[in-house]
Every structure is written in structure tokens, then in C-alpha cells.
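Enquirer: Would you mind keeping the following structure in view while I ask a few things?
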Amino acid sequence: MSGMFLSKRMHWFLPSTQHNPSWGDRKMGSPHAVVAAAASLLLMAAFDGALVHADFYNDVDFVWGYQNAGIWNDGNSLSLMLDNVSGCGMVTKNQYLFGSIEVQLKLVKGNSAGTVTAYYLSSTGDKHDEIDFEFLGNETGQPYIIHTNIFTRGVGNREEQFYPWFEPSDDFHNYTIHWNPSQVVWFVDGIPIRVFRNYESYGVPFPDRQAMRAYSSIWEADEWATRGGLVKIDWNSAPFVAYYQYLQLRACPWHGPSGSSECSAASPPNWWTSPEYSTLTYQEQGQMKWARDNYMIYDYCEDAERFGGAMPPECSLPKY
């Protein structure tokens, strides 16, 4: 059901409007970078100004549990709630192929064990592509786990997990999925934590043919979410509420079969195809190394036992 039919009810507090770094802030370290970023913003505005800033009234639908969603602040703020009756899920009305999808998110406060808040891109069908952020709840005082994965042609099994370097339920933080013909990058507050490069020439499928919608949901998954299912959800702590603000859809809308060539063509409106976005900058490479060295807790490419020694081919190729 469309968000247009939801009441503008507020839950327990209004969100902070504190700015957190986004993908768009990542190249602002020099006067040259400021000029380049300004030019990119002008190009995006020329492409379609409505895509730079979205709102939860007009740009998403609620696919289940719509009674547990709330929208306010002129469509800029959203809450999704899980109670002992239902969770809640939303999806963007449009499909996209390449670009940058970002949102600021404040996770469930307190005892969130057994809950999952998911934010991801996905196509449909058995051979679907998917790019995931999932936030696995935990007992009070224990850290959340940022769980990432990518599916290509219906095959996933590429999980990487991190502890956040902040308390994600205290304030809003920016989570960005940047996706272009060269790479997929997961950013947290402007810091890249993971890259999946296009290595199709080495036989590694890459998500570059199927348009995807952005989804988010909150749901019970206590059979696996917290310590492998050892810690169950405590319904006495319900309702569990995740808060969202400032959804940004800097991406190429899909208009049918011709969209593949339209969205991947190297042209000024398709800013994501610019060479500067084909790989991480040296600064970003250093940031990603810092995040992975200090906060990564699982890497499928290090799990030889899981794959019986036959590691996925991308694991032996450069990250950037």
C-alpha cells in the first residue's frame, strides 16, 4: 500500500537533523574536488532534480505491515516498527540501474536481539541480483552486526560482516550503496567498507543487467540473527522501531529493455560512469583498510573450510 495512504503520525520523538557524511561528500578534500563535486551536482540536477532527493510519501510503497509505518516531516522522515503481530517493509516505486542509493538510519534502541533491519537493492526472479545491508540486533550492551552480501544471477554466499565504530541506535548514520558498471561499494558515513568489482572477464558474474528497486524492512529472525539463534527476541521489549530520514535516489530510472544501454552509456548525465567513480581514490582505499582491519568480523574470502578450499575466483583478485 502506498505511503500516501498513511497518516502523518509521529512515534516517540522527532529525528535529529544532524548531517552525516554521504557518498556525495567523499571527494571534498581539495578546492579542485569541491569544483568537481559542484559540477557533478549540476549534472545530476540537469538529469532529473527529483532523483536527488526523494520522499517517503511519493517515492515508496509499503508491501507489508503498512500499519506499522509512520511518515512525517513532509515525507523526509519514516519509522518502521516490529511488534508481536507484524513487521513492516517498503520498496521504491521505481526501478534503477546504476547510481547511488542512500539513506540515514537510526537502528532499534535497547534490546534488539532477534531483530533484523534490512536495507538493500534487489531485482526479482530466481536469477535475481541483490546488494544487501542487514543490521543484526543484539542484547543491550552488545554491538550490532553490519551484515553485507551480494547476489548475482541468483547466487549469493558472499557475506562480509562488521561491527560499527559507533552506536548505531544513538543517532542517524548514512548508509550508501554505490553501484556502477565498474564496481559496487558499500559506504557507512562516507567510509567505504566493502567493494565488489566487475570481474566478468574472469568469469565472476556482476550485477549489470537487471534493474533493482530499493527495499527496507524490519522483521523477526531470532532463529539466526543473534549469535546464530542462541539469543531469542524478547517481546517484552517491543515495539522495536527503526527510524529513517533523507532518502536519496541518485540513480538511473529503468524504462524497459533499452535501459541497460541508456544507464551504462558514458555520458555527462550518467555521472556514475565517469572514470573517477570506476575505482576508489587512494584516500578511500586507506579508509576501507582501516575499517576492515579494525571492525571486520567475517569475510567469506577467508573461510576456506566453508568452500572446501575451492574459493570464489574474486577472492584472489584485487579489491580495488
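Ordering of the C-alpha cells sets the chain letters (A, B, ...); residue numbers start at 1 within each chain; ligands are numbered from 1 in the order shown.
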Near stretch 51-58 of chain A, counting only C-alpha atoms, which residues have an atom at most 7 Å away, once you skip same-chain residues fewer than 5 positions from it, shown as a list of chain:residue names?

Expert: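 Neighbouring residues, sequence-local ones excluded: A:Gly3, A:Met4, A:Ile71, A:Gly75, A:Asn76, A:Leu78, A:Leu247, A:Gln248, A:Leu249, A:Arg250, A:Ala251.
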
Enquirer: Extract, using only C-alpha atoms, all DNA, RNA and protein residues at most 7 Å from stretch 196-204 of chain A, discarding same-chain residues fewer than 3 positions from it, and format them as a list of chain:residue names.

Expert: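 With the cut-off at 7 Å, the set is A:Ser182, A:Gln183, A:Val184, A:Val185, A:Pro313, A:Glu314, A:Lys319.
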
Enquirer: What does the file look like for those residues with N, CA, C and O atoms, as a PDB file, in the first residue's frame?

Expert:
ATOM      1  N   SER A 182      31.482  -0.556 -13.078  1.00  0.00           N
ATOM      2  CA  SER A 182      32.821  -0.998 -12.672  1.00  0.00           C
ATOM      3  C   SER A 182      32.854  -1.661 -11.304  1.00  0.00           C
ATOM      4  O   SER A 182      33.696  -2.533 -11.060  1.00  0.00           O
ATOM      5  N   GLN A 183      31.968  -1.237 -10.389  1.00  0.00           N
ATOM      6  CA  GLN A 183      32.071  -1.731  -9.024  1.00  0.00           C
ATOM      7  C   GLN A 183      30.796  -1.431  -8.237  1.00  0.00           C
ATOM      8  O   GLN A 183      30.004  -0.558  -8.597  1.00  0.00           O
ATOM      9  N   VAL A 184      30.639  -2.178  -7.156  1.00  0.00           N
ATOM     10  CA  VAL A 184      29.643  -1.890  -6.131  1.00  0.00           C
ATOM     11  C   VAL A 184      30.410  -1.540  -4.865  1.00  0.00           C
ATOM     12  O   VAL A 184      31.361  -2.246  -4.496  1.00  0.00           O
ATOM     13  N   VAL A 185      30.020  -0.446  -4.209  1.00  0.00           N
ATOM     14  CA  VAL A 185      30.690  -0.015  -2.986  1.00  0.00           C
ATOM     15  C   VAL A 185      29.644   0.207  -1.904  1.00  0.00           C
ATOM     16  O   VAL A 185      28.617   0.848  -2.147  1.00  0.00           O
ATOM     17  N   PRO A 313      36.392 -17.130  -7.288  1.00  0.00           N
ATOM     18  CA  PRO A 313      37.526 -16.553  -8.030  1.00  0.00           C
ATOM     19  C   PRO A 313      37.829 -15.114  -7.667  1.00  0.00           C
ATOM     20  O   PRO A 313      38.992 -14.690  -7.723  1.00  0.00           O
ATOM     21  N   GLU A 314      36.819 -14.329  -7.275  1.00  0.00           N
ATOM     22  CA  GLU A 314      37.085 -12.926  -6.960  1.00  0.00           C
ATOM     23  C   GLU A 314      37.963 -12.774  -5.724  1.00  0.00           C
ATOM     24  O   GLU A 314      38.571 -11.716  -5.504  1.00  0.00           O
ATOM     25  N   LYS A 319      40.962  -5.977  -4.610  1.00  0.00           N
ATOM     26  CA  LYS A 319      39.717  -5.365  -4.139  1.00  0.00           C
ATOM     27  C   LYS A 319      39.447  -4.062  -4.859  1.00  0.00           C
ATOM     28  O   LYS A 319      38.302  -3.628  -4.973  1.00  0.00           O
TER      29      LYS A 319
END

Enquirer: How would you write, as a list in words, the set of residues in stretch 49-293 of chain A that DSSP gives as alpha helix (DSSP H)?

Expert: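 Those residues are Gly49, Ala50, Leu51, Val52, Gly259, Ser260, Ser261, Glu262, Cys263, Ser264, Tyr282, Gln283, Glu284, Gln285, Gly286, Gln287, Met288, Lys289, Trp290, Ala291, Arg292 and Asp293 of chain A.
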
Enquirer: May I ask which of the residues A:Asp208, A:Glu134, A:Asp299, A:Glu160 is the closest one to A:Thr115, counting only C-alpha atoms?

Expert: A:Glu134

Enquirer: Which residues come within 12 Å of A:Gly256, counting only C-alpha atoms, excluding same-chain residues fewer than 2 positions away, as a compact mmCIF listing (two decimals) with N, CA and C atoms, in the first residue's frame?

Expert:
# COMPACT_ATOMS: atom_id res chain seq x y z
N ASN A 94 10.07 3.09 -8.22
CA ASN A 94 10.84 2.95 -9.44
C ASN A 94 11.93 1.90 -9.32
N GLN A 95 12.31 1.36 -10.46
CA GLN A 95 13.49 0.52 -10.56
C GLN A 95 14.65 1.36 -11.10
N TYR A 96 15.88 0.93 -10.75
CA TYR A 96 17.06 1.69 -11.14
C TYR A 96 18.14 0.74 -11.63
N LEU A 97 18.98 1.26 -12.51
CA LEU A 97 20.16 0.54 -12.95
C LEU A 97 21.34 1.50 -12.88
N ARG A 209 22.92 -6.10 -15.44
CA ARG A 209 21.90 -6.31 -16.48
C ARG A 209 20.47 -6.16 -15.96
N GLN A 210 20.27 -6.26 -14.67
CA GLN A 210 18.93 -6.25 -14.12
C GLN A 210 18.70 -4.99 -13.27
N ALA A 211 17.62 -4.29 -13.57
CA ALA A 211 17.25 -3.14 -12.74
C ALA A 211 16.81 -3.62 -11.37
N CYS A 252 19.74 5.88 -12.01
CA CYS A 252 19.17 5.92 -13.36
C CYS A 252 17.86 5.14 -13.38
N PRO A 253 16.73 5.79 -13.61
CA PRO A 253 15.46 5.07 -13.67
C PRO A 253 15.43 4.11 -14.85
N TRP A 254 14.82 2.97 -14.62
CA TRP A 254 14.73 1.93 -15.64
C TRP A 254 13.44 2.11 -16.42
N SER A 258 15.57 -1.05 -23.11
CA SER A 258 16.58 -0.10 -23.60
C SER A 258 17.37 0.53 -22.45
N GLY A 259 16.88 0.34 -21.22
CA GLY A 259 17.51 0.98 -20.07
C GLY A 259 18.94 0.54 -19.83
N SER A 260 19.27 -0.68 -20.21
CA SER A 260 20.63 -1.17 -19.96
C SER A 260 21.66 -0.31 -20.66
N SER A 261 21.43 -0.04 -21.94
CA SER A 261 22.39 0.79 -22.67
C SER A 261 22.27 2.25 -22.26
N GLU A 262 21.06 2.72 -21.97
CA GLU A 262 20.88 4.11 -21.57
C GLU A 262 21.60 4.42 -20.26
N CYS A 263 21.50 3.50 -19.31
CA CYS A 263 22.06 3.75 -17.98
C CYS A 263 23.55 3.47 -17.89

Enquirer: Between A:Ala221, A:Gly70, A:Cys315, A:Trp186, which has the minimum distance to A:Asp303 (counting only C-alpha atoms)?

Expert: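 Smallest distance to A:Asp303 is found for A:Cys315.
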
Enquirer: Quick one: pull the distance between atom CA of A:Arg153 and atom CA of A:Val91, Å, one decimal.

Expert: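 Taking atom CA of A:Arg153 and atom CA of A:Val91, their separation equals 20.6 Å.
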
Enquirer: Find the residue from A:Phe307, A:Tyr246, A:Phe206, A:Tyr277 that sits nearest to A:His173; use only C-alpha atoms when measuring.

Expert: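 Of the candidates, the smallest distance to A:His173 is held by A:Tyr246.
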
Enquirer: Name all residues at most 10 Å from A:Asn84 (count only C-alpha atoms; drop same-chain ones fewer than 4 positions away) and give them as an mmCIF file with C-alpha atoms, in the first residue's frame.

Expert:
data_model
loop_
_atom_site.group_PDB
_atom_site.id
_atom_site.type_symbol
_atom_site.label_atom_id
_atom_site.label_comp_id
_atom_site.auth_asym_id
_atom_site.auth_seq_id
_atom_site.Cartn_x
_atom_site.Cartn_y
_atom_site.Cartn_z
ATOM 1 C CA GLU A 220 11.894 -11.125 13.419
ATOM 2 C CA ASP A 234 12.259 -10.509 23.919
ATOM 3 C CA TRP A 235 8.733 -9.394 23.107
ATOM 4 C CA ASN A 236 8.632 -7.527 26.414
ATOM 5 C CA ALA A 238 8.578 -4.488 21.833
ATOM 6 C CA PRO A 239 7.773 -2.447 19.879
ATOM 7 C CA PHE A 240 11.077 -2.343 18.003
#

Enquirer: For a quick check of understanding, using only C-alpha atoms, which of A:Val188, A:Leu80, A:Ala265, A:Ile131 has the smallest distance to A:Asn157?

Expert: A:Ile131

Enquirer: Which neighbours of A:Leu82 fall inside 12 Å, counting only C-alpha atoms, when residues of the same chain fewer than 2 positions from it are skipped, and could you give them as a PyMOL selection string?

Expert: chain A and resi 64-69+79-80+84-89+108+112+114-117+217-221+233-235+237-243

Enquirer: Could you save those same residues with N, CA, C and O atoms as a CSV table (one decimal), in the first residue's frame?

Expert:
chain,number,residue,atom,x,y,z
A,64,TRP,N,4.1,-4.7,3.0
A,64,TRP,CA,3.5,-5.5,4.1
A,64,TRP,C,3.7,-4.7,5.4
A,64,TRP,O,4.5,-3.9,5.6
A,65,GLY,N,2.7,-4.9,6.3
A,65,GLY,CA,2.8,-4.3,7.6
A,65,GLY,C,2.7,-2.8,7.6
A,65,GLY,O,3.2,-2.1,8.4
A,66,TYR,N,1.9,-2.2,6.6
A,66,TYR,CA,1.9,-0.8,6.5
A,66,TYR,C,1.3,-0.1,7.7
A,66,TYR,O,1.6,1.1,7.9
A,67,GLN,N,0.5,-0.8,8.5
A,67,GLN,CA,0.0,-0.2,9.7
A,67,GLN,C,1.1,0.1,10.8
A,67,GLN,O,0.9,0.9,11.7
A,68,ASN,N,2.3,-0.5,10.6
A,68,ASN,CA,3.4,-0.3,11.5
A,68,ASN,C,4.4,0.7,10.9
A,68,ASN,O,5.5,0.8,11.4
A,69,ALA,N,4.0,1.5,9.9
A,69,ALA,CA,4.9,2.6,9.4
A,69,ALA,C,4.3,3.9,9.7
A,69,ALA,O,3.1,4.1,9.8
A,79,SER,N,9.4,5.9,10.1
A,79,SER,CA,9.7,4.8,11.1
A,79,SER,C,9.0,3.5,10.6
A,79,SER,O,8.0,3.5,10.0
A,80,LEU,N,9.8,2.4,10.8
A,80,LEU,CA,9.3,1.1,10.6
A,80,LEU,C,9.3,0.3,11.9
A,80,LEU,O,10.3,0.4,12.6
A,84,ASN,N,4.6,-7.8,18.1
A,84,ASN,CA,4.3,-9.3,18.1
A,84,ASN,C,3.3,-9.7,17.1
A,84,ASN,O,2.9,-10.9,17.1
A,85,VAL,N,2.8,-8.7,16.3
A,85,VAL,CA,1.8,-9.0,15.3
A,85,VAL,C,2.4,-9.0,13.9
A,85,VAL,O,2.2,-9.9,13.1
A,86,SER,N,3.3,-8.0,13.7
A,86,SER,CA,3.8,-7.9,12.3
A,86,SER,C,5.1,-7.0,12.3
A,86,SER,O,5.3,-6.2,13.2
A,87,GLY,N,5.9,-7.2,11.3
A,87,GLY,CA,7.0,-6.3,11.0
A,87,GLY,C,6.5,-5.3,9.9
A,87,GLY,O,5.3,-5.0,9.9
A,88,CYS,N,7.4,-4.8,9.1
A,88,CYS,CA,7.0,-3.8,8.1
A,88,CYS,C,8.0,-3.7,7.0
A,88,CYS,O,9.2,-3.9,7.3
A,89,GLY,N,7.6,-3.5,5.8
A,89,GLY,CA,8.5,-3.5,4.7
A,89,GLY,C,8.1,-2.5,3.6
A,89,GLY,O,6.9,-2.3,3.4
A,108,VAL,N,17.2,0.2,16.0
A,108,VAL,CA,16.4,-0.1,17.2
A,108,VAL,C,17.2,0.1,18.4
A,108,VAL,O,18.3,-0.4,18.5
A,112,SER,N,17.7,-5.4,21.1
A,112,SER,CA,17.2,-5.6,19.7
A,112,SER,C,17.5,-7.0,19.3
A,112,SER,O,17.4,-7.4,18.1
A,114,GLY,N,17.4,-10.7,18.0
A,114,GLY,CA,16.4,-11.4,17.3
A,114,GLY,C,15.8,-10.6,16.2
A,114,GLY,O,14.9,-11.1,15.4
A,115,THR,N,16.1,-9.3,16.1
A,115,THR,CA,15.5,-8.5,15.0
A,115,THR,C,16.5,-8.2,13.9
A,115,THR,O,17.8,-8.3,14.1
A,116,VAL,N,16.0,-8.0,12.7
A,116,VAL,CA,16.9,-7.6,11.6
A,116,VAL,C,16.2,-6.4,10.9
A,116,VAL,O,15.0,-6.4,10.6
A,117,THR,N,17.0,-5.4,10.7
A,117,THR,CA,16.6,-4.2,9.9
A,117,THR,C,17.4,-4.3,8.6
A,117,THR,O,18.6,-4.3,8.7
A,217,SER,N,13.2,-3.1,5.5
A,217,SER,CA,12.2,-3.8,6.3
A,217,SER,C,12.7,-4.0,7.7
A,217,SER,O,14.0,-3.9,7.9
A,218,ILE,N,11.8,-4.3,8.6
A,218,ILE,CA,12.2,-4.8,10.0
A,218,ILE,C,11.4,-6.0,10.3
A,218,ILE,O,10.2,-6.0,10.0
A,219,TRP,N,12.1,-7.0,10.8
A,219,TRP,CA,11.4,-8.3,10.9
A,219,TRP,C,12.1,-9.2,12.0
A,219,TRP,O,13.2,-8.9,12.4
A,220,GLU,N,11.4,-10.2,12.4
A,220,GLU,CA,11.9,-11.1,13.4
A,220,GLU,C,12.7,-12.2,12.7
A,220,GLU,O,12.2,-12.8,11.7
A,221,ALA,N,13.9,-12.5,13.2
A,221,ALA,CA,14.7,-13.5,12.6
A,221,ALA,C,15.5,-14.2,13.7
A,221,ALA,O,16.7,-14.4,13.6
A,233,ILE,N,14.3,-13.3,20.6
A,233,ILE,CA,13.7,-12.0,20.7
A,233,ILE,C,12.9,-11.9,22.0
A,233,ILE,O,12.4,-12.9,22.5
A,234,ASP,N,13.0,-10.8,22.7
A,234,ASP,CA,12.3,-10.5,23.9
A,234,ASP,C,11.1,-9.6,23.6
A,234,ASP,O,11.2,-8.4,23.5
A,235,TRP,N,9.9,-10.2,23.5
A,235,TRP,CA,8.7,-9.4,23.1
A,235,TRP,C,8.3,-8.4,24.2
A,235,TRP,O,7.6,-7.4,23.9
A,237,SER,N,10.3,-6.3,25.2
A,237,SER,CA,11.0,-5.0,24.7
A,237,SER,C,10.3,-4.4,23.5
A,237,SER,O,10.7,-3.3,23.1
A,238,ALA,N,9.3,-5.0,23.0
A,238,ALA,CA,8.6,-4.5,21.8
A,238,ALA,C,7.8,-3.2,22.2
A,238,ALA,O,7.4,-3.1,23.4
A,239,PRO,N,7.5,-2.3,21.3
A,239,PRO,CA,7.8,-2.4,19.9
A,239,PRO,C,9.2,-2.1,19.6
A,239,PRO,O,9.8,-1.3,20.3
A,240,PHE,N,9.7,-2.6,18.5
A,240,PHE,CA,11.1,-2.3,18.0
A,240,PHE,C,10.9,-1.4,16.8
A,240,PHE,O,10.2,-1.7,15.8
A,241,VAL,N,11.6,-0.3,16.9
A,241,VAL,CA,11.4,0.8,15.9
A,241,VAL,C,12.7,1.3,15.3
A,241,VAL,O,13.6,1.6,16.0
A,242,ALA,N,12.8,1.3,14.0
A,242,ALA,CA,13.9,1.8,13.2
A,242,ALA,C,13.4,3.1,12.6
A,242,ALA,O,12.3,3.2,12.1
A,243,TYR,N,14.3,4.2,12.6
A,243,TYR,CA,13.9,5.5,12.1
A,243,TYR,C,14.8,5.8,10.8
A,243,TYR,O,16.0,5.5,10.8

Enquirer: So which residues touch stretch 135-141 of chain A within 7 Å, counting only C-alpha atoms, skipping near sequence neighbours fewer than 2 positions away, as a list in words?

Expert: Gly110, Asn111, Ser112, Ala113, Gly114, Thr115, Val116, Thr117, Ala118, Phe133, Pro143, Tyr144, Ile145, Ile146, His147, Ala225 and Thr226 of chain A

Enquirer: Take the residues that were just selected and, keeping N, CA and C atoms, output them as a JSON list (two decimals), in the first residue's frame.

Expert:
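File written: selection.json
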[["chain", "number", "residue", "atom", "x", "y", "z"],
["A", 110, "GLY", "N", 18.15, -0.22, 22.50],
["A", 110, "GLY", "CA", 17.99, -1.17, 23.60],
["A", 110, "GLY", "C", 18.17, -2.61, 23.15],
["A", 111, "ASN", "N", 17.38, -3.49, 23.73],
["A", 111, "ASN", "CA", 17.49, -4.92, 23.44],
["A", 111, "ASN", "C", 16.85, -5.21, 22.09],
["A", 112, "SER", "N", 17.68, -5.37, 21.07],
["A", 112, "SER", "CA", 17.20, -5.61, 19.71],
["A", 112, "SER", "C", 17.47, -7.04, 19.26],
["A", 113, "ALA", "N", 17.83, -7.91, 20.20],
["A", 113, "ALA", "CA", 18.18, -9.30, 19.85],
["A", 113, "ALA", "C", 17.04, -9.95, 19.08],
["A", 114, "GLY", "N", 17.41, -10.71, 18.05],
["A", 114, "GLY", "CA", 16.41, -11.42, 17.26],
["A", 114, "GLY", "C", 15.75, -10.61, 16.17],
["A", 115, "THR", "N", 16.11, -9.33, 16.06],
["A", 115, "THR", "CA", 15.53, -8.48, 15.02],
["A", 115, "THR", "C", 16.55, -8.24, 13.91],
["A", 116, "VAL", "N", 16.04, -8.02, 12.72],
["A", 116, "VAL", "CA", 16.87, -7.62, 11.58],
["A", 116, "VAL", "C", 16.23, -6.40, 10.94],
["A", 117, "THR", "N", 17.01, -5.38, 10.75],
["A", 117, "THR", "CA", 16.62, -4.23, 9.94],
["A", 117, "THR", "C", 17.40, -4.33, 8.64],
["A", 118, "ALA", "N", 16.70, -4.46, 7.53],
["A", 118, "ALA", "CA", 17.34, -4.69, 6.24],
["A", 118, "ALA", "C", 17.17, -3.48, 5.34],
["A", 133, "PHE", "N", 22.57, -4.47, 2.78],
["A", 133, "PHE", "CA", 22.93, -4.09, 4.14],
["A", 133, "PHE", "C", 21.88, -4.76, 5.04],
["A", 143, "PRO", "N", 27.26, -5.08, 20.64],
["A", 143, "PRO", "CA", 27.20, -4.30, 19.39],
["A", 143, "PRO", "C", 26.30, -4.94, 18.34],
["A", 144, "TYR", "N", 25.70, -4.09, 17.54],
["A", 144, "TYR", "CA", 25.06, -4.56, 16.31],
["A", 144, "TYR", "C", 26.11, -5.20, 15.40],
["A", 145, "ILE", "N", 25.63, -5.99, 14.44],
["A", 145, "ILE", "CA", 26.48, -6.50, 13.37],
["A", 145, "ILE", "C", 25.95, -5.95, 12.05],
["A", 146, "ILE", "N", 26.85, -5.33, 11.26],
["A", 146, "ILE", "CA", 26.51, -4.88, 9.92],
["A", 146, "ILE", "C", 26.84, -6.03, 8.98],
["A", 147, "HIS", "N", 25.80, -6.64, 8.43],
["A", 147, "HIS", "CA", 25.93, -7.81, 7.58],
["A", 147, "HIS", "C", 25.73, -7.37, 6.13],
["A", 225, "ALA", "N", 19.57, -14.58, 13.74],
["A", 225, "ALA", "CA", 20.11, -13.22, 13.69],
["A", 225, "ALA", "C", 21.13, -12.93, 14.79],
["A", 226, "THR", "N", 20.89, -13.39, 16.00],
["A", 226, "THR", "CA", 21.73, -13.03, 17.14],
["A", 226, "THR", "C", 22.44, -14.27, 17.67]]

Enquirer: For A:Tyr163, which residue among A:Ile177, A:Ser122, A:Thr148, A:Gly308 is the nearest when counting only C-alpha atoms?

Expert: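 For A:Tyr163, the nearest of the candidates is A:Thr148.
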
Enquirer: Select, from A:Lys93, A:Arg194, A:Arg292, A:Arg306, the residue with the minimum atom-to-atom distance to A:Asn149, counting only C-alpha atoms.

Expert: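 Between A:Lys93, A:Arg194, A:Arg292, A:Arg306, the residue approaching A:Asn149 most closely is A:Arg194.
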
Enquirer: Go ahead and compute the interatomic distance for atom CA of A:Ile101 and atom CA of A:Thr176, in Å to one decimal.

Expert: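 Between atom CA of A:Ile101 and atom CA of A:Thr176 the gap is 5.7 Å.
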
Enquirer: Could you state the separation of atom CA of A:Thr92 and atom CA of A:Asp170 in Å, given to one decimal place?

Expert: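 Value for the atom CA of A:Thr92-atom CA of A:Asp170 distance: 26.3 Å.
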
Enquirer: Can you list every residue in stretch 209-285 of chain A that DSSP puts in strand (DSSP E or B), as a PyMOL selection string?

Expert: chain A and resi 212-220+240-253

Enquirer: What lies within 8 Å of A:Ala291 using only C-alpha atoms, ignoring chain neighbours under 4 positions off, as number ranges by chain?

Expert: A: 191-193, 287, 295-296
